[in-house]
Amino acid sequence: MPRRTATMLTSTLLLIAVLCAAVLIRVPYAEMSPGPTVNTLGEHGGEPVLSIEGRKTYEPSGHLNMTTVRVTGADYRMNLVEAVYGWLAEDSAVVPHETLYPDDKSAEEVREENAEEFTQSLESAKVAALRELDVPVGERVVVASVVKGGPAEDRLHAGDVITAVDGEAVKQPGDVAELVTEHEPGEDVVFTVVPAKAARAAEKAGEKPTGSREVTVTTDEADDDGRAVVGIRAGLDHTFPFEIDIKLADVGGPSAGLMFALGIMDKLTPGDLTGGEFVAGTGTIDGEGRVGPIGGIGMKTIAARDKGAEYFLTPEDNCATAARDVPGGLTLVRVGTIDDALEALEDIREGETAGLPRCTAG
């Protein structure tokens with residue numbers, strides 16, 4: 001065989017061997033890419049994303065799209081070829097696997113945490129929207145979770161409304177911990193609660209929860225500092241004067257809060273917040289209407305622009321990062337509160353966009 005042919009054959013075989021090895025080599029990275037973007041004013045999977053019962057609603061036009069990031073699964077390990085391709089691609093990001101899936105949490109724990117964050121973001125969106133519209137929102141202290149194997153297991157349940165501890169009324173979740181820790185480990189604590197089922201039935205009927213009962217729990221000793229504990233986490237729940245249902249499967253995390261709050265407001269008020277324009281965005285929101293930062297901002301702006309968005313409501317803490325690589329034709333609008341977002345939407349609606357607070361790379 002001629003030397004040149006032999007050299008080429010050897011090089012080809014070596015290249016094939018290297019590529020095969022690269023496919024087999026697993027690397028500790030995960031990939032992020034633009035995910036689905038859904039109009040909170042429209043339908044998804046044949047059903048309205050937002051539905052409201054017990055209050056007059058309106059059918060706005062335009063778009064208020066929430067955005068998502070698609071990520072590789074917790075159990076999936078990229079090979080070297082996929083990682084290199086992801087690093088070179090403009091519409092994806094390769095990050096250390098532990099960034100998305102911490103080593104100290106199982107895949108199931110991560111999924112549960114994301115689902116809980118999403119549920120909480122919906123609750124905060126409802127609260128922020130209704131408070132902005134001056135609609136009264138009720139508050140109550142509830143059992144947010146019960147520690148498996150703890151003293152309160154099978155005695156208290158998630159969703160139970162806590163009205164008092166040892167006969168003393170509680171108004172904030174912190175009140176529960178404070179009253180429990182006044183005890184020594186091994187002592188009894190008496191909780192006055194309305195069971196979760198009765199509380200939900202009362203809320204649905206638009207009534208105050210009744211049928212409270214006393215539950216005695218014997219405290220245990222905390223492992224870290226020896227204080228008395230009962231093995232529950234108290235939280236703050238809200239009651240609303242009408243029903244707001246949000247249906248969107250396979251989405252996790254808290255980043256859709258702002259867009260859901262705006263969608264709720266648009267449904268409850270005449271006219272269009274967007275003036276018929278295509279607006280997308282992201283951002284967490286709390287009950288006071290403050291907008292917080294999120295992850296994967298670059299992937300979300302790409303997803304929004306690909307879908308047709310012209311404006312993107314961007315948390316102010318994400319602005320510098322987002323502005324480094326803005327998809328063509330997309331205007332990044334800086335927002336820090338729901339009021340900022342409403343002011344920006346007013347300018348967009350009226351065509352006065354020159355003065356919009358835009359994101360800059362800084």
# chains A, B, ... in the order shown; residues from 1 in each chain; ligands from 1
>>> residues_around(residues="Ser61 (chain A)", least_positions_apart="3", cutoff="12 Å", atoms="only C-alpha atoms", output="MDAnalysis selection string")
chainID A and resid 39:42 58 64 263 266:267 270:279 349
>>> residues_around(residues="Glu117 (chain A)", least_positions_apart="6", cutoff="10 Å", atoms="only C-alpha atoms", output="ChimeraX atom specification")
/A:111,123,252-255,284
>>> closest_residue(among="A:Pro315, A:Gly235, A:Gly167, A:Gly289", to="Val142 (chain A)", atoms="only C-alpha atoms")
A:Gly235
>>> select_by_dssp(residues="region 234-297 of chain A", states="strand (DSSP E)", output="PyMOL selection string")
chain A and resi 234-239+243-246+278-281+284-285+291-292
>>> atom_distance(atom1="CA of Val194 (chain A)", atom2="CA of Arg140 (chain A)")
10.9 Å
>>> select_by_dssp(residues="region 190-238 of chain A", states="helix (DSSP H, G or I)", output="PyMOL selection string")
chain A and resi 196-204
>>> write_last_selection(atoms="C-alpha atoms", output="PDB file, in the first residue's frame")
ATOM      1  CA  ALA A 196     -57.167  21.836  55.842  1.00  0.00           C
ATOM      2  CA  LYS A 197     -60.286  20.266  54.303  1.00  0.00           C
ATOM      3  CA  ALA A 198     -62.632  22.487  56.303  1.00  0.00           C
ATOM      4  CA  ALA A 199     -60.523  25.556  55.512  1.00  0.00           C
ATOM      5  CA  ARG A 200     -60.638  24.859  51.761  1.00  0.00           C
ATOM      6  CA  ALA A 201     -64.412  24.281  51.864  1.00  0.00           C
ATOM      7  CA  ALA A 202     -64.939  27.571  53.693  1.00  0.00           C
ATOM      8  CA  GLU A 203     -62.739  29.440  51.220  1.00  0.00           C
ATOM      9  CA  LYS A 204     -64.647  28.008  48.266  1.00  0.00           C
TER      10      LYS A 204
END
>>> closest_residue(among="A:Arg55, A:Phe242, A:Gly296, A:Arg290", to="Val95 (chain A)", atoms="only C-alpha atoms")
A:Gly296
>>> residues_around(residues="Gln172 (chain A)", least_positions_apart="4", cutoff="10 Å", atoms="only C-alpha atoms", output="compact mmCIF listing (two decimals) with N, CA and C atoms, in the first residue's frame")
# COMPACT_ATOMS: atom_id res chain seq x y z
N GLU A 139 -55.22 36.96 54.82
CA GLU A 139 -54.01 36.23 55.19
C GLU A 139 -54.31 35.31 56.37
N ARG A 140 -53.63 34.16 56.39
CA ARG A 140 -53.77 33.25 57.52
C ARG A 140 -52.51 32.40 57.64
N VAL A 141 -52.19 32.00 58.85
CA VAL A 141 -51.02 31.17 59.11
C VAL A 141 -51.43 29.71 58.96
N VAL A 142 -50.65 28.96 58.21
CA VAL A 142 -50.98 27.56 57.96
C VAL A 142 -49.76 26.67 58.20
N ILE A 162 -53.55 27.47 61.39
CA ILE A 162 -53.19 27.62 62.81
C ILE A 162 -53.72 28.96 63.30
N VAL A 176 -45.45 31.22 65.43
CA VAL A 176 -45.56 29.80 65.79
C VAL A 176 -44.24 29.30 66.37
N ALA A 177 -43.14 29.55 65.66
CA ALA A 177 -41.83 29.10 66.14
C ALA A 177 -41.48 29.73 67.47
N ALA A 234 -44.24 26.52 59.45
CA ALA A 234 -45.43 27.36 59.30
C ALA A 234 -45.23 28.30 58.12
N GLY A 235 -46.32 28.63 57.44
CA GLY A 235 -46.26 29.53 56.30
C GLY A 235 -47.46 30.45 56.29
N LEU A 236 -47.43 31.39 55.36
CA LEU A 236 -48.52 32.36 55.23
C LEU A 236 -49.33 32.02 53.99
>>> atom_distance(atom1="CA of Glu113 (chain A)", atom2="CA of Arg233 (chain A)")
14.9 Å
>>> closest_residue(among="A:Gly174, A:Pro195, A:Pro209, A:Gly287", to="Ala128 (chain A)", atoms="only C-alpha atoms")
A:Gly287
